[in-house]
>>> print(open('run.cif').read())   # mmCIF, C-alpha atoms and all ligand atoms
data_structure
#
loop_
_atom_site.label_atom_id
_atom_site.label_comp_id
_atom_site.auth_asym_id
_atom_site.auth_seq_id
_atom_site.Cartn_x
_atom_site.Cartn_y
_atom_site.Cartn_z
CA MET A 268 -114.27 -185.06 -89.29
CA PRO A 269 -112.85 -182.02 -91.12
CA ILE A 270 -114.89 -178.92 -90.51
CA ASN A 271 -113.76 -176.98 -93.57
CA ALA A 272 -114.28 -173.61 -92.02
CA HIS A 273 -114.28 -170.52 -94.18
CA PRO A 274 -111.13 -168.34 -93.82
CA ASP A 275 -113.34 -165.55 -92.39
CA PHE A 276 -114.32 -167.92 -89.61
CA ILE A 277 -110.66 -168.61 -88.83
CA ILE A 278 -110.00 -164.84 -88.70
CA ALA A 279 -113.02 -164.29 -86.44
CA GLU A 280 -111.77 -167.04 -84.15
CA GLY A 281 -108.39 -165.31 -83.97
CA GLU A 282 -110.08 -162.05 -83.03
CA TYR A 283 -112.16 -163.86 -80.44
CA LEU A 284 -109.10 -165.37 -78.83
CA HIS A 285 -107.54 -161.93 -78.53
CA ALA A 286 -110.62 -160.16 -77.21
CA GLN A 287 -109.78 -157.94 -74.24
CA ASN A 288 -113.07 -157.97 -72.38
CA LEU A 289 -116.43 -159.62 -72.12
CA GLU A 290 -118.19 -157.19 -74.49
CA GLU A 291 -115.60 -157.80 -77.17
CA LYS A 292 -115.71 -161.57 -76.62
CA ILE A 293 -119.46 -161.57 -77.11
CA GLU A 294 -119.16 -159.51 -80.28
CA LYS A 295 -116.51 -161.77 -81.78
CA LEU A 296 -118.30 -164.92 -80.73
CA ARG A 297 -121.44 -163.72 -82.53
CA LYS A 298 -119.34 -163.12 -85.61
CA MET A 299 -117.93 -166.67 -85.35
CA ILE A 300 -121.42 -168.11 -85.05
CA SER A 301 -122.58 -166.23 -88.13
CA LEU A 302 -119.57 -167.50 -90.09
CA ALA A 303 -119.56 -171.06 -88.80
CA PRO A 304 -119.91 -173.79 -91.40
CA ALA A 305 -123.53 -174.77 -91.95
CA HIS A 306 -123.00 -178.42 -92.85
CA LYS A 307 -123.94 -181.34 -90.65
CA GLY A 308 -120.35 -182.13 -89.69
CA ALA A 309 -120.07 -178.80 -87.85
CA GLU A 310 -123.22 -179.26 -85.81
CA ASN A 311 -121.28 -179.87 -82.63
CA LEU A 312 -119.15 -176.81 -83.17
CA ARG A 313 -122.17 -174.58 -83.66
CA ALA A 314 -123.83 -175.95 -80.55
CA GLN A 315 -120.68 -175.35 -78.50
CA LEU A 316 -120.35 -171.77 -79.71
CA LYS A 317 -123.98 -171.02 -78.93
CA LEU A 318 -123.67 -172.46 -75.46
CA ARG A 319 -120.58 -170.36 -74.84
CA LEU A 320 -122.41 -167.24 -76.02
CA LYS A 321 -125.29 -168.01 -73.71
CA LYS A 322 -122.91 -168.25 -70.74
CA PHE A 323 -121.21 -164.99 -71.66
CA LEU A 324 -124.55 -163.20 -71.96
CA GLU A 325 -125.59 -164.47 -68.55
CA LYS A 326 -122.32 -163.26 -67.08
CA GLN A 327 -122.76 -159.87 -68.72
CA ASN A 328 -126.26 -159.61 -67.33
CA LYS A 329 -125.05 -160.38 -63.81
CA GLU A 330 -122.30 -157.76 -64.04
CA LYS A 331 -124.74 -155.13 -65.22
CA LYS A 332 -127.08 -155.87 -62.36
CA SER A 333 -124.39 -155.66 -59.69
CA LYS A 334 -123.11 -152.39 -61.12
CA ARG A 335 -126.57 -150.92 -60.97
CA SER A 336 -127.16 -151.88 -57.37
CA SER A 337 -123.73 -150.76 -56.18
CA LYS A 338 -124.36 -147.35 -57.67
CA LYS A 339 -127.56 -146.91 -55.77
CA GLY A 340 -126.80 -148.77 -52.56
CA ILE A 341 -124.24 -146.94 -50.45
CA LYS A 342 -122.25 -149.26 -48.23
CA LYS A 343 -122.96 -148.23 -44.69
CA GLU A 344 -119.89 -147.76 -42.51
CA ASP A 345 -119.67 -148.21 -38.72
CA MET A 346 -120.61 -144.58 -38.18
CA GLN A 347 -122.80 -142.82 -40.69
CA ALA A 348 -124.30 -139.35 -40.57
CA VAL A 349 -126.53 -137.92 -43.28
CA ILE A 350 -126.74 -134.20 -43.97
CA ILE A 351 -130.23 -133.03 -44.82
CA GLY A 352 -131.61 -129.58 -45.44
CA LEU A 353 -133.34 -127.33 -47.90
CA SER A 354 -131.51 -126.19 -51.02
CA ASN A 355 -128.82 -123.59 -50.45
CA SER A 356 -128.58 -124.31 -46.73
CA GLY A 357 -124.91 -125.12 -47.31
CA LYS A 358 -124.91 -128.94 -47.41
CA SER A 359 -122.27 -129.21 -50.10
CA SER A 360 -120.13 -126.56 -48.41
CA LEU A 361 -120.33 -128.43 -45.13
CA LEU A 362 -119.53 -131.78 -46.73
CA SER A 363 -116.43 -130.43 -48.39
CA SER A 364 -115.24 -128.67 -45.24
CA LEU A 365 -115.58 -131.86 -43.17
CA THR A 366 -114.52 -134.60 -45.57
CA ASN A 367 -112.19 -135.67 -48.34
CA VAL A 368 -114.73 -134.56 -50.94
CA LYS A 369 -112.76 -131.73 -52.52
CA ASN A 370 -113.41 -129.22 -55.29
CA TYR A 371 -116.85 -130.47 -55.04
CA LEU A 372 -118.64 -127.15 -54.87
CA ALA A 373 -117.18 -126.03 -58.17
CA LYS A 374 -118.61 -129.12 -59.80
CA THR A 375 -122.05 -128.75 -58.32
CA GLN A 376 -123.06 -125.20 -59.02
CA HIS A 377 -126.59 -126.49 -59.22
CA SER A 378 -128.13 -128.33 -56.38
CA THR A 379 -126.96 -131.88 -55.92
CA THR A 380 -129.16 -134.51 -57.58
CA PHE A 381 -127.66 -137.65 -56.00
CA PRO A 382 -126.30 -138.51 -52.56
CA VAL A 383 -122.61 -137.64 -52.23
CA VAL A 384 -120.48 -139.69 -49.86
CA GLY A 385 -117.41 -138.42 -48.00
CA MET A 386 -115.24 -139.71 -45.18
CA MET A 387 -114.46 -137.51 -42.21
CA PRO A 388 -111.37 -138.42 -40.22
CA TYR A 389 -111.87 -137.95 -36.50
CA GLN A 390 -109.24 -138.86 -33.91
CA GLY A 391 -108.12 -141.98 -35.74
CA THR A 392 -111.61 -142.98 -36.83
CA GLN A 393 -113.40 -142.52 -40.13
CA ILE A 394 -116.95 -141.25 -40.11
CA GLN A 395 -119.09 -141.59 -43.21
CA LEU A 396 -120.92 -138.38 -44.12
CA ILE A 397 -123.48 -138.26 -46.87
CA GLU A 398 -125.13 -135.23 -48.40
CA ASN A 399 -128.72 -136.01 -49.28
CA PRO A 400 -130.14 -133.94 -52.16
CA PRO A 401 -132.34 -131.05 -50.97
CA LEU A 402 -135.40 -132.05 -49.01
CA ASP A 403 -137.46 -129.75 -51.21
CA SER A 404 -136.46 -131.61 -54.38
CA GLU A 405 -137.57 -134.80 -56.10
CA ASN A 406 -134.08 -136.25 -55.69
CA TYR A 407 -134.27 -136.30 -51.91
CA ASP A 408 -133.69 -139.87 -50.68
CA LYS A 409 -136.00 -140.62 -47.78
CA GLY A 410 -134.66 -144.15 -47.28
CA LEU A 411 -131.15 -142.79 -46.86
CA THR A 412 -132.35 -140.40 -44.15
CA ASN A 413 -134.29 -143.06 -42.29
CA SER A 414 -131.41 -145.53 -42.19
CA ALA A 415 -128.80 -143.02 -40.96
CA ASP A 416 -127.32 -143.35 -37.47
CA THR A 417 -127.29 -139.59 -37.08
CA LEU A 418 -128.93 -136.76 -38.98
CA LEU A 419 -127.28 -133.42 -39.41
CA ILE A 420 -130.22 -131.10 -39.89
CA LEU A 421 -128.67 -128.16 -41.66
CA ILE A 422 -130.55 -124.87 -41.45
CA SER A 423 -129.85 -121.23 -42.03
CA SER A 424 -133.00 -119.94 -40.39
CA LEU A 425 -135.04 -121.17 -37.43
CA GLU A 426 -138.15 -121.55 -39.58
CA ASP A 427 -136.44 -124.34 -41.55
CA ILE A 428 -136.66 -126.69 -38.55
CA LYS A 429 -140.45 -127.07 -38.77
CA THR A 430 -140.38 -127.81 -42.50
CA ILE A 431 -137.69 -130.41 -42.04
CA GLU A 432 -139.11 -132.11 -38.97
CA LYS A 433 -142.37 -132.77 -40.78
CA ASN A 434 -140.38 -134.91 -43.20
CA ILE A 435 -138.42 -136.98 -40.73
CA GLU A 436 -141.10 -138.27 -38.40
CA LYS A 437 -140.06 -141.87 -39.02
CA PHE A 438 -136.42 -141.30 -38.19
CA GLN A 439 -135.28 -143.09 -35.02
CA GLY A 440 -131.63 -142.08 -34.60
CA LYS A 441 -129.83 -139.06 -33.18
CA LYS A 442 -130.38 -135.57 -34.52
CA ILE A 443 -128.04 -132.62 -34.49
CA ILE A 444 -129.39 -129.23 -35.52
CA VAL A 445 -126.63 -127.44 -37.39
CA PHE A 446 -127.28 -123.74 -37.82
CA ASN A 447 -125.10 -122.59 -40.70
CA LYS A 448 -123.94 -119.22 -42.08
CA ILE A 449 -123.44 -117.54 -38.71
CA ASP A 450 -120.71 -115.44 -40.33
CA LEU A 451 -123.61 -113.40 -41.69
CA LEU A 452 -124.99 -112.68 -38.21
CA ASP A 453 -124.01 -110.17 -35.53
CA GLN A 454 -123.41 -111.14 -31.88
CA ASN A 455 -126.93 -110.24 -30.86
CA GLU A 456 -128.58 -112.34 -33.54
CA LYS A 457 -126.33 -115.29 -32.68
CA ARG A 458 -127.22 -115.01 -29.00
CA LYS A 459 -130.92 -115.09 -29.79
CA ILE A 460 -130.64 -118.15 -31.99
CA TYR A 461 -128.52 -119.90 -29.38
CA ALA A 462 -131.09 -119.15 -26.66
CA THR A 463 -134.01 -120.34 -28.79
CA LEU A 464 -132.37 -123.64 -29.72
CA GLN A 465 -131.30 -124.22 -26.14
CA SER A 466 -134.78 -123.56 -24.78
CA LYS A 467 -136.13 -126.22 -27.16
CA LYS A 468 -133.55 -128.68 -25.75
CA TYR A 469 -132.10 -129.47 -29.13
CA ASN A 470 -128.69 -130.99 -29.59
CA PHE A 471 -127.34 -128.15 -31.72
CA VAL A 472 -124.31 -126.25 -32.89
CA LEU A 473 -123.84 -122.90 -34.64
CA ILE A 474 -121.36 -122.99 -37.51
CA SER A 475 -120.05 -121.32 -40.58
CA ALA A 476 -119.07 -123.72 -43.34
CA ILE A 477 -117.19 -120.83 -44.92
CA ASN A 478 -114.99 -119.54 -42.08
CA LYS A 479 -115.02 -122.85 -40.15
CA GLU A 480 -116.41 -121.39 -36.93
CA GLY A 481 -117.96 -124.17 -34.81
CA ILE A 482 -116.64 -126.93 -37.07
CA GLU A 483 -114.53 -128.65 -34.38
CA GLU A 484 -117.45 -128.60 -31.97
CA LEU A 485 -119.63 -130.12 -34.68
CA LYS A 486 -117.13 -132.92 -35.36
CA GLU A 487 -117.07 -133.82 -31.68
CA LYS A 488 -120.86 -133.83 -31.50
CA ILE A 489 -121.06 -136.06 -34.56
CA PHE A 490 -118.66 -138.60 -33.08
CA LYS A 491 -120.39 -138.55 -29.69
CA SER A 492 -123.80 -139.06 -31.30
CA PHE A 493 -122.86 -142.57 -32.42
CA ASP A 494 -122.25 -143.64 -28.85
CA LYS A 495 -119.33 -145.84 -29.87
CA ILE A 496 -116.04 -146.66 -28.20
CA ARG A 497 -112.63 -146.74 -29.87
CA VAL A 498 -110.32 -149.60 -29.01
CA PHE A 499 -106.75 -149.87 -30.27
CA THR A 500 -105.37 -153.33 -30.80
CA LYS A 501 -101.77 -154.51 -30.92
CA GLU A 502 -99.52 -157.52 -31.23
CA PRO A 503 -96.90 -158.23 -28.55
CA GLY A 504 -93.74 -156.19 -29.08
CA LYS A 505 -95.37 -153.95 -31.68
CA GLU A 506 -96.93 -150.50 -31.77
CA LYS A 507 -100.70 -150.27 -31.43
CA SER A 508 -102.63 -150.02 -34.67
CA PRO A 509 -103.16 -146.40 -35.73
CA LYS A 510 -106.80 -147.08 -36.53
CA PRO A 511 -109.01 -148.13 -33.61
CA VAL A 512 -111.79 -150.66 -33.98
CA ILE A 513 -115.22 -149.12 -33.42
CA LEU A 514 -117.42 -150.94 -30.92
CA ASN A 515 -120.61 -150.47 -28.98
CA PRO A 516 -120.28 -149.45 -25.32
CA LYS A 517 -119.84 -152.43 -22.97
CA SER A 518 -118.21 -154.51 -25.69
CA THR A 519 -115.79 -157.19 -24.50
CA VAL A 520 -112.25 -158.13 -25.42
CA LYS A 521 -113.79 -160.98 -27.41
CA ASP A 522 -115.91 -158.52 -29.42
CA SER A 523 -112.82 -156.52 -30.30
CA ALA A 524 -110.98 -159.65 -31.48
CA GLU A 525 -113.93 -160.75 -33.58
CA LYS A 526 -114.15 -157.29 -35.10
CA ILE A 527 -110.58 -157.61 -36.35
CA LEU A 528 -111.26 -161.00 -37.85
CA LYS A 529 -114.16 -163.40 -37.50
CA GLY A 530 -113.01 -166.41 -35.49
CA PHE A 531 -109.88 -164.64 -34.25
CA SER A 532 -110.89 -164.77 -30.58
CA SER A 533 -110.53 -168.57 -30.59
CA LYS A 534 -106.86 -168.19 -31.53
CA VAL A 535 -106.05 -165.79 -28.69
CA LYS A 536 -103.91 -167.32 -25.92
CA GLU A 537 -103.47 -164.27 -23.71
CA THR A 538 -104.76 -160.70 -23.57
CA LYS A 539 -103.22 -157.68 -21.89
CA ILE A 540 -104.78 -154.30 -21.58
CA TRP A 541 -103.75 -150.65 -21.16
CA GLY A 542 -105.94 -147.61 -20.67
CA PRO A 543 -109.22 -146.60 -19.01
CA SER A 544 -110.54 -150.12 -18.29
CA SER A 545 -107.27 -151.50 -16.89
CA LYS A 546 -106.37 -151.55 -13.19
CA PHE A 547 -102.72 -151.07 -14.16
CA PRO A 548 -100.88 -150.88 -17.48
CA GLY A 549 -100.48 -154.27 -19.10
CA GLN A 550 -103.06 -156.00 -16.90
CA LYS A 551 -103.85 -159.55 -18.03
CA VAL A 552 -107.57 -159.95 -18.70
CA GLY A 553 -109.92 -162.60 -20.05
CA LEU A 554 -112.06 -162.50 -23.18
CA ASN A 555 -115.08 -161.33 -21.20
CA HIS A 556 -113.38 -158.21 -19.88
CA ILE A 557 -115.47 -155.12 -20.67
CA LEU A 558 -113.71 -152.42 -22.63
CA LYS A 559 -113.80 -148.63 -22.39
CA ASP A 560 -113.21 -145.87 -24.93
CA LEU A 561 -109.49 -145.55 -25.86
CA ASP A 562 -108.36 -148.85 -24.36
CA VAL A 563 -105.42 -150.64 -25.92
CA VAL A 564 -105.68 -154.44 -26.17
CA GLU A 565 -102.79 -156.76 -26.86
CA PHE A 566 -103.51 -160.18 -28.32
CA LYS A 567 -100.99 -162.98 -27.92
CA THR A 568 -101.76 -165.84 -30.27
CA ARG A 569 -98.97 -168.29 -29.50
N1 LIG A 601 -121.94 -116.71 -45.84
C1 LIG A 601 -121.99 -118.04 -45.94
N2 LIG A 601 -122.40 -118.63 -47.08
C2 LIG A 601 -122.45 -119.97 -47.13
C3 LIG A 601 -122.05 -120.78 -46.04
N3 LIG A 601 -122.19 -122.06 -46.40
C4 LIG A 601 -122.64 -122.07 -47.67
N4 LIG A 601 -122.80 -120.80 -48.12
C5 LIG A 601 -123.25 -120.37 -49.44
O1 LIG A 601 -124.58 -120.81 -49.64
C6 LIG A 601 -124.79 -121.20 -51.00
C7 LIG A 601 -125.30 -122.61 -51.06
O2 LIG A 601 -124.30 -123.48 -50.58
P1 LIG A 601 -124.27 -125.02 -50.94
O3 LIG A 601 -123.20 -125.62 -50.13
O4 LIG A 601 -124.22 -125.22 -52.40
O5 LIG A 601 -125.71 -125.44 -50.40
P2 LIG A 601 -126.57 -126.76 -50.66
O6 LIG A 601 -127.54 -126.45 -51.75
O7 LIG A 601 -127.27 -127.01 -49.37
O8 LIG A 601 -125.62 -127.85 -51.01
C8 LIG A 601 -123.43 -121.01 -51.69
O9 LIG A 601 -123.45 -119.80 -52.34
C9 LIG A 601 -122.45 -121.02 -50.55
O10 LIG A 601 -121.30 -120.29 -50.83
C10 LIG A 601 -121.61 -120.12 -44.82
O11 LIG A 601 -121.25 -120.72 -43.82
N5 LIG A 601 -121.61 -118.75 -44.86
MG MG A 602 -125.55 -129.24 -52.60
#
>>> encode(input="run.cif", output="structure tokens")
Amino acid sequence: MPINAHPDFIIAEGEYLHAQNLEEKIEKLRKMISLAPAHKGAENLRAQLKLRLKKFLEKQNKEKKSKRSSKKGIKKEDMQAVIIGLSNSGKSSLLSSLTNVKNYLAKTQHSTTFPVVGMMPYQGTQIQLIENPPLDSENYDKGLTNSADTLLILISSLEDIKTIEKNIEKFQGKKIIVFNKIDLLDQNEKRKIYATLQSKKYNFVLISAINKEGIEELKEKIFKSFDKIRVFTKEPGKEKSPKPVILNPKSTVKDSAEKILKGFSSKVKETKIWGPSSKFPGQKVGLNHILKDLDVVEFKTR
């Protein structure tokens, strides 16, 4: 049956067909619906268009939702440390001196109102570092602190520790007290702070985010806090991968294969090993062999 559509409808349909994205499609589809012929013969057409619009709106809704949650939820990496502290303790300065987050201070003259994520390279691994907004602000994210593997408690005076510890009673992971701004202190003051922190048996380090004093020691402490091992994998006749897989202590060869790819261990025909857990370089081992930090594992799959 001829539909006898109005020329405006034909134009709208053309625009619809050329729409570049979902928003535009929805807009043009609405226009088509408003211009669709009203007579009985076009009933089917109108129903089809409305159904299509409904589907597009559902899709749009889904996309909006996932965008919202990905903004808020930070994907947790294998090793994650969260920097917490009062405002002006130097959190942003520390984050930018440890990670790929650059020119970041210039942009955040005022205190940070949302968690900022950076990646810190450390001996072939990538450690996720997140600056939590100041503990003394409404933007502070308690959930982020509690789910961290390690907390970097950034202070610039010993009194800060008490204030901060009151707020992290629920936290179960490792803590590193990071005393910042030691470039402003003389030797005597530094010695006193060192002695006090040591007497309290804290895991601590004295740093300056500005002149980088203590930064290497801090990086090492951060990596060690995760209590992870690094295992390099390789294929026969090739170089080892530059990036190690990160595993828990006492992980097996099988764990390392599964970390590369789920189900991979079932494809492995033979495994050789170099490094701390091997009796000699290139030792053949089974899937249950227990790995050590800095081992190299070779998987033969055929
Ligand atoms: N002297 C000195 N000043 C620092 C150091 N780290 C940060 N600051 C200064 O402290 C102020 C607050 O630093 P910022 O990183 O924004 O602190 P945040 O509020 O904790 O993120 C800025 O003026 C920084 O330049 C440091 O190691 N030494
Ligand atoms: Mg900041």
>>> residues_around(input="run.cif", residues="range 313-322 of chain A", least_positions_apart="5", cutoff="8 Å", atoms="all atoms listed in the file", output="list in words")
Ile293, Leu296, Arg297, Met299, Ile300 and Ala303 of chain A
>>> residues_near_ligand(input="run.cif", ligand="ligand LIG 601 (chain A)", cutoff="8 Å", atoms="only C-alpha atoms and all ligand atoms", output="PyMOL selection string")
chain A and resi 352-362+372+375-379+398+400-401+421+447-451+474-479
>>> closest_residue(input="run.cif", among="A:Ala286, A:Leu324, A:Ile527, A:Ile397", to="ligand MG 602 (chain A)", atoms="all atoms listed in the file")
A:Ile397
>>> closest_residue(input="run.cif", among="A:Ala305, A:Val512, A:Ile482, A:Val384", to="ligand MG 602 (chain A)", atoms="only C-alpha atoms and all ligand atoms")
A:Val384
>>> closest_residue(input="run.cif", among="A:Val563, A:Gly281, A:Val383, A:Thr366", to="ligand MG 602 (chain A)", atoms="all atoms listed in the file")
A:Val383
>>> decode(input="run.cif", residues="range 426-471 of chain A", atoms="C-alpha atoms", output="CSV table (one decimal), in the first residue's frame")
chain,number,residue,atom,x,y,z
A,426,GLU,CA,50.9,15.8,65.1
A,427,ASP,CA,49.2,14.9,61.8
A,428,ILE,CA,49.5,11.2,62.5
A,429,LYS,CA,47.0,11.2,65.3
A,430,THR,CA,44.4,13.1,63.3
A,431,ILE,CA,44.8,10.7,60.4
A,432,GLU,CA,44.8,7.5,62.3
A,433,LYS,CA,41.5,8.3,63.9
A,434,ASN,CA,40.0,8.2,60.4
A,435,ILE,CA,41.5,5.0,59.2
A,436,GLU,CA,40.6,2.6,62.0
A,437,LYS,CA,38.8,0.2,59.6
A,438,PHE,CA,41.8,0.0,57.2
A,439,GLN,CA,43.3,-3.5,57.1
A,440,GLY,CA,46.3,-3.2,54.7
A,441,LYS,CA,49.8,-1.9,54.9
A,442,LYS,CA,50.7,1.6,56.0
A,443,ILE,CA,53.7,3.7,55.2
A,444,ILE,CA,54.1,7.0,57.1
A,445,VAL,CA,55.6,9.4,54.6
A,446,PHE,CA,57.0,12.5,56.3
A,447,ASN,CA,57.2,15.2,53.6
A,448,LYS,CA,58.9,18.6,53.2
A,449,ILE,CA,62.2,17.6,55.0
A,450,ASP,CA,64.0,20.2,52.8
A,451,LEU,CA,62.6,22.7,55.3
A,452,LEU,CA,64.3,21.0,58.2
A,453,ASP,CA,67.8,21.1,59.6
A,454,GLN,CA,69.8,17.9,60.4
A,455,ASN,CA,68.9,18.1,64.1
A,456,GLU,CA,65.1,18.3,63.4
A,457,LYS,CA,65.3,15.5,60.9
A,458,ARG,CA,67.2,13.3,63.4
A,459,LYS,CA,64.5,13.9,66.0
A,460,ILE,CA,61.7,13.0,63.7
A,461,TYR,CA,63.5,9.9,62.5
A,462,ALA,CA,64.0,8.8,66.1
A,463,THR,CA,60.4,9.4,67.1
A,464,LEU,CA,59.0,7.5,64.2
A,465,GLN,CA,61.4,4.6,64.7
A,466,SER,CA,60.5,4.4,68.4
A,467,LYS,CA,56.9,4.0,67.5
A,468,LYS,CA,57.8,1.1,65.1
A,469,TYR,CA,56.2,2.7,62.1
A,470,ASN,CA,57.1,1.7,58.6
A,471,PHE,CA,58.2,5.2,57.5
